[in-house]
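Shown next, in structure tokens, is the structure this report addresses.
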Amino acid sequence: MIQQNLVKVGMADLNIATDGAILKTTGLGSCVGLTLYDPVRKIAGMAHVMLPSSEIARETKMNLAKYADTAIPELLDRMIAAGAYIERMKAKMAGGAQMFAMSGHTDSLRIGPRNVESCTAMLLRFKIPILSQDTGGSFGRTIEFDSVSGTLSIRSVQFGTKEI
Amino acid sequence: MSLFSRFEAFELDVLKEVGNIGAGNAATALSRLLDKPVDMAVPKVSLLPFEEVAERVGGSEQIVIAVFLRVEGEAPGNMFFIIEEESAKRILRQLLSINAEEHEGYTEMELSALCEIGNILAGSYLSSLADFTHLSMAPSVPAVAVDMAGAILSYGLMQYGEMGDSALLIETTFLEDCQSLEGHFFLIPDPESFEKIFRALGVVSE
């Protein structure tokens, strides 16, 4: 098997891939793995979003990739700089799980669903359609996004691998 | 990162000692449960980028059994007891004579047993910390999950996400002699809790 070029995206990180490379991020729990794709130029982008909104940021030097509302514009900028067109872009996403069902805790522990909501709202603002998603549940996911086909493959412990 | 930049070696030593005391009690509890001697490694206290937290238990995709407890009280935080699959099955066999090695996955009974073990250990860890610091700390009802380490641990790092890209970990490893029974304890205090812990221990920051 020919090892394709793998681009790793860490936690609270984003990256883009061209020339047939594959973007990969591991261990998505309540985080959301969001991918954008320009099918004509075959430019792919992936962000591993950790929190829904940068409003709560208290850090001095902000990591744009961490928050849904800053990661998506940043990823768009990077892809447009690489030659992608926003009008052609399609989105897919996975993750946003609720890893532990805890009683007596409210908002802060609903972080997974809130991440998904926030990503959806941002994509709507940029008028980028969401082709498919595999979100929610209570299990972790590892995802790979192929910049040739635009296929998002999702692997989980319980359910094996599936492609969307 | 202003919160962490003023952490001195001395303060890290204090946190290490805090971890040591808690883990000592937890190791005793585990040893009683298993009726076998259990060794404990000297705790590691480290400030780690998110990425590396999961590396400590074998990588982000490593499948682990995790018991999660939210620590409530004066010094809140998150706590994980993480064991690898092989160790989990060994614990089940020794403690409950359940032969879990023959089948894939875990039954509800097995998970419940592991959850309770995590609960007992976490409870003994916390109560010794609370005694030592005179701070009230109580664990929530435990939750258990079998999944990728990255997915599980990121859950405990959310509060840190608002502050920076690293988390402070107090981590202990247990070893049962001869047989490798490995369990990891992660105590991830909320950012606000550090000051309280230091003050309680007589370490005046600033």
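Residues are named by chain letter and number: chains run A, B, ... in the order of the structure tokens, numbers start at 1 in each chain, and ligands are numbered from 1 in the order shown.
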Exercise. Taking the chain letters and numbering used in this document, name the residues of chain A that DSSP puts in strand (DSSP E), as a ChimeraX atom specification.
Key: /A:6-8,14-17,22-28,32-38,43-49,90-95,130-135,141-146,152-156,160-163
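In chain A, the set of residues within 7 Å of chain B (atoms considered: only C-alpha atoms) is Gly10, Met11, Thr26, Gly27, Leu28, Gly29, Ser30, Ile56, Ala57, Arg58, Glu59, Thr60, Met99, Phe100, Met102, Phe139, Gly140 and Val157 of chain A.
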Could the residues in this selection be written to a file with N, CA and C atoms, as a PDB file, in the first residue's frame?
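Result saved to out-v1.pdb:
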```pdb
ATOM      1  N   GLY A  10      -3.804  18.628  15.416  1.00  0.00           N
ATOM      2  CA  GLY A  10      -3.848  18.366  16.855  1.00  0.00           C
ATOM      3  C   GLY A  10      -5.102  18.906  17.498  1.00  0.00           C
ATOM      4  N   MET A  11      -5.144  18.796  18.800  1.00  0.00           N
ATOM      5  CA  MET A  11      -6.293  19.361  19.518  1.00  0.00           C
ATOM      6  C   MET A  11      -6.185  20.886  19.497  1.00  0.00           C
ATOM      7  N   THR A  26      -7.195  12.901  15.801  1.00  0.00           N
ATOM      8  CA  THR A  26      -7.528  11.721  16.610  1.00  0.00           C
ATOM      9  C   THR A  26      -8.228  12.119  17.906  1.00  0.00           C
ATOM     10  N   GLY A  27      -9.001  11.184  18.402  1.00  0.00           N
ATOM     11  CA  GLY A  27      -9.579  11.346  19.733  1.00  0.00           C
ATOM     12  C   GLY A  27     -10.512  12.526  19.904  1.00  0.00           C
ATOM     13  N   LEU A  28     -11.447  12.693  18.983  1.00  0.00           N
ATOM     14  CA  LEU A  28     -12.455  13.748  19.153  1.00  0.00           C
ATOM     15  C   LEU A  28     -13.469  13.261  20.179  1.00  0.00           C
ATOM     16  N   GLY A  29     -13.644  14.028  21.237  1.00  0.00           N
ATOM     17  CA  GLY A  29     -14.701  13.710  22.198  1.00  0.00           C
ATOM     18  C   GLY A  29     -15.802  14.728  22.022  1.00  0.00           C
ATOM     19  N   SER A  30     -15.825  15.683  22.940  1.00  0.00           N
ATOM     20  CA  SER A  30     -16.797  16.760  22.792  1.00  0.00           C
ATOM     21  C   SER A  30     -16.309  17.788  21.767  1.00  0.00           C
ATOM     22  N   ILE A  56     -15.445  33.616  25.856  1.00  0.00           N
ATOM     23  CA  ILE A  56     -15.017  33.229  27.184  1.00  0.00           C
ATOM     24  C   ILE A  56     -13.497  33.164  27.315  1.00  0.00           C
ATOM     25  N   ALA A  57     -12.788  33.440  26.221  1.00  0.00           N
ATOM     26  CA  ALA A  57     -11.332  33.304  26.243  1.00  0.00           C
ATOM     27  C   ALA A  57     -10.712  34.240  27.275  1.00  0.00           C
ATOM     28  N   ARG A  58      -9.853  33.694  28.118  1.00  0.00           N
ATOM     29  CA  ARG A  58      -9.173  34.516  29.111  1.00  0.00           C
ATOM     30  C   ARG A  58      -7.671  34.488  28.913  1.00  0.00           C
ATOM     31  N   GLU A  59      -7.253  33.852  27.847  1.00  0.00           N
ATOM     32  CA  GLU A  59      -5.818  33.748  27.613  1.00  0.00           C
ATOM     33  C   GLU A  59      -5.323  35.041  26.968  1.00  0.00           C
ATOM     34  N   THR A  60      -4.055  35.295  27.120  1.00  0.00           N
ATOM     35  CA  THR A  60      -3.526  36.540  26.581  1.00  0.00           C
ATOM     36  C   THR A  60      -3.267  36.415  25.080  1.00  0.00           C
ATOM     37  N   MET A  99     -19.233  12.818  26.416  1.00  0.00           N
ATOM     38  CA  MET A  99     -18.484  11.622  26.827  1.00  0.00           C
ATOM     39  C   MET A  99     -19.017  10.990  28.109  1.00  0.00           C
ATOM     40  N   PHE A 100     -19.422  11.818  29.050  1.00  0.00           N
ATOM     41  CA  PHE A 100     -19.927  11.274  30.308  1.00  0.00           C
ATOM     42  C   PHE A 100     -21.284  11.888  30.585  1.00  0.00           C
ATOM     43  N   MET A 102     -23.416  13.096  33.181  1.00  0.00           N
ATOM     44  CA  MET A 102     -23.357  13.428  34.601  1.00  0.00           C
ATOM     45  C   MET A 102     -24.659  14.101  34.995  1.00  0.00           C
ATOM     46  N   PHE A 139     -19.453   8.788  22.368  1.00  0.00           N
ATOM     47  CA  PHE A 139     -18.233   8.030  22.068  1.00  0.00           C
ATOM     48  C   PHE A 139     -17.231   8.906  21.316  1.00  0.00           C
ATOM     49  N   GLY A 140     -15.956   8.509  21.409  1.00  0.00           N
ATOM     50  CA  GLY A 140     -14.896   9.259  20.749  1.00  0.00           C
ATOM     51  C   GLY A 140     -14.755   8.858  19.287  1.00  0.00           C
ATOM     52  N   VAL A 157     -14.631   3.339  18.521  1.00  0.00           N
ATOM     53  CA  VAL A 157     -14.356   2.051  19.161  1.00  0.00           C
ATOM     54  C   VAL A 157     -15.539   1.098  18.985  1.00  0.00           C
TER      55      VAL A 157
END
```
Quiz prompt | Between atom CA of A:Ile22 and atom CA of A:Val40 - distance in Å to one decimal | solution = 16.6 Å
Exercise. Rank nothing, just name the residue among B:Val71, B:Ala66, B:Leu201, B:Leu15 nearest to B:Ala88, using only C-alpha atoms.
Key: B:Ala66
Quiz prompt | Close residues, stretch 115-121 of chain A itself excluded, 7 Å, only C-alpha atoms, min 6 positions apart in chain, as an MDAnalysis selection string | solution = chainID A and resid 31:32 51:52 68 96
Next, dump the selected residues to file, keeping only all heavy atoms, as a PDB file, in the first residue's frame.
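Writing the result to out-v3.pdb gives the following:
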```pdb
ATOM      1  N   CYS A  31     -15.054  17.684  21.368  1.00  0.00           N
ATOM      2  CA  CYS A  31     -14.536  18.563  20.323  1.00  0.00           C
ATOM      3  C   CYS A  31     -15.206  18.215  18.990  1.00  0.00           C
ATOM      4  O   CYS A  31     -15.685  17.106  18.804  1.00  0.00           O
ATOM      5  CB  CYS A  31     -13.027  18.396  20.166  1.00  0.00           C
ATOM      6  SG  CYS A  31     -12.089  18.751  21.651  1.00  0.00           S
ATOM      7  N   VAL A  32     -15.197  19.175  18.077  1.00  0.00           N
ATOM      8  CA  VAL A  32     -15.770  18.931  16.758  1.00  0.00           C
ATOM      9  C   VAL A  32     -14.652  18.980  15.718  1.00  0.00           C
ATOM     10  O   VAL A  32     -13.828  19.887  15.719  1.00  0.00           O
ATOM     11  CB  VAL A  32     -16.859  19.981  16.421  1.00  0.00           C
ATOM     12  CG1 VAL A  32     -17.252  19.917  14.949  1.00  0.00           C
ATOM     13  CG2 VAL A  32     -18.095  19.768  17.282  1.00  0.00           C
ATOM     14  N   LEU A  51     -13.946  24.545  21.807  1.00  0.00           N
ATOM     15  CA  LEU A  51     -14.959  25.299  22.554  1.00  0.00           C
ATOM     16  C   LEU A  51     -15.837  26.105  21.588  1.00  0.00           C
ATOM     17  O   LEU A  51     -15.391  26.487  20.518  1.00  0.00           O
ATOM     18  CB  LEU A  51     -14.262  26.250  23.543  1.00  0.00           C
ATOM     19  CG  LEU A  51     -13.516  25.591  24.709  1.00  0.00           C
ATOM     20  CD1 LEU A  51     -12.574  26.575  25.366  1.00  0.00           C
ATOM     21  CD2 LEU A  51     -14.491  25.031  25.736  1.00  0.00           C
ATOM     22  N   PRO A  52     -17.075  26.370  21.990  1.00  0.00           N
ATOM     23  CA  PRO A  52     -17.995  27.008  21.051  1.00  0.00           C
ATOM     24  C   PRO A  52     -17.717  28.479  20.767  1.00  0.00           C
ATOM     25  O   PRO A  52     -17.916  28.940  19.651  1.00  0.00           O
ATOM     26  CB  PRO A  52     -19.372  26.837  21.700  1.00  0.00           C
ATOM     27  CG  PRO A  52     -19.141  26.425  23.087  1.00  0.00           C
ATOM     28  CD  PRO A  52     -17.753  25.891  23.209  1.00  0.00           C
ATOM     29  N   ALA A  68     -14.950  27.744  17.858  1.00  0.00           N
ATOM     30  CA  ALA A  68     -15.713  27.600  16.622  1.00  0.00           C
ATOM     31  C   ALA A  68     -15.820  28.926  15.873  1.00  0.00           C
ATOM     32  O   ALA A  68     -15.660  28.984  14.660  1.00  0.00           O
ATOM     33  CB  ALA A  68     -17.097  27.055  16.937  1.00  0.00           C
ATOM     34  N   GLY A  96     -18.432  16.231  18.712  1.00  0.00           N
ATOM     35  CA  GLY A  96     -19.469  16.866  19.534  1.00  0.00           C
ATOM     36  C   GLY A  96     -20.212  15.890  20.419  1.00  0.00           C
ATOM     37  O   GLY A  96     -21.395  16.040  20.672  1.00  0.00           O
TER      38      GLY A  96
END
```
Practice problem: Considering only C-alpha atoms, return as a list in words whatever protein or nucleic-acid residues lie within 10 Å of B:Glu110, sequence-local ones (same chain, fewer than 5 positions apart) excluded. | Solution: Ala88, Lys89, Leu92, Leu96, Ile98, Asn99, Ala100, Gly105, Cys115 and Glu116 of chain B
Self-check item: Contacts of A:Leu124 within 12 Å, only C-alpha atoms, excl. fewer than 6 positions in-chain, as a list in words
Solution: Asp69, Ile72, Lys90, Ala91, Glu117, Ser118 and Ile130 of chain A
Quiz prompt | Residue neighbourhood B:Ser87, 7 Å, only C-alpha atoms, exclusion window fewer than 3 positions, as JSON, numbers by chain | solution = {"B": [83, 84, 90, 91, 181, 182]}
Quiz item: Tell me, which residues of stretch 12-206 of chain B carry DSSP helix (DSSP H, G or I), written as an MDAnalysis selection string?
Solution: chainID B and resid 12:34 50:55 85:96 108:133 149:156 158:161 193:200
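Residues in contact range of B:Glu72, defined as at most 10 Å between only C-alpha atoms, with sequence neighbours fewer than 3 positions away removed, read Leu69, Ala75, Pro76, Gly77, Asn78, Ser136, Met137, Ala138, Pro139 and Ser140 of chain B.
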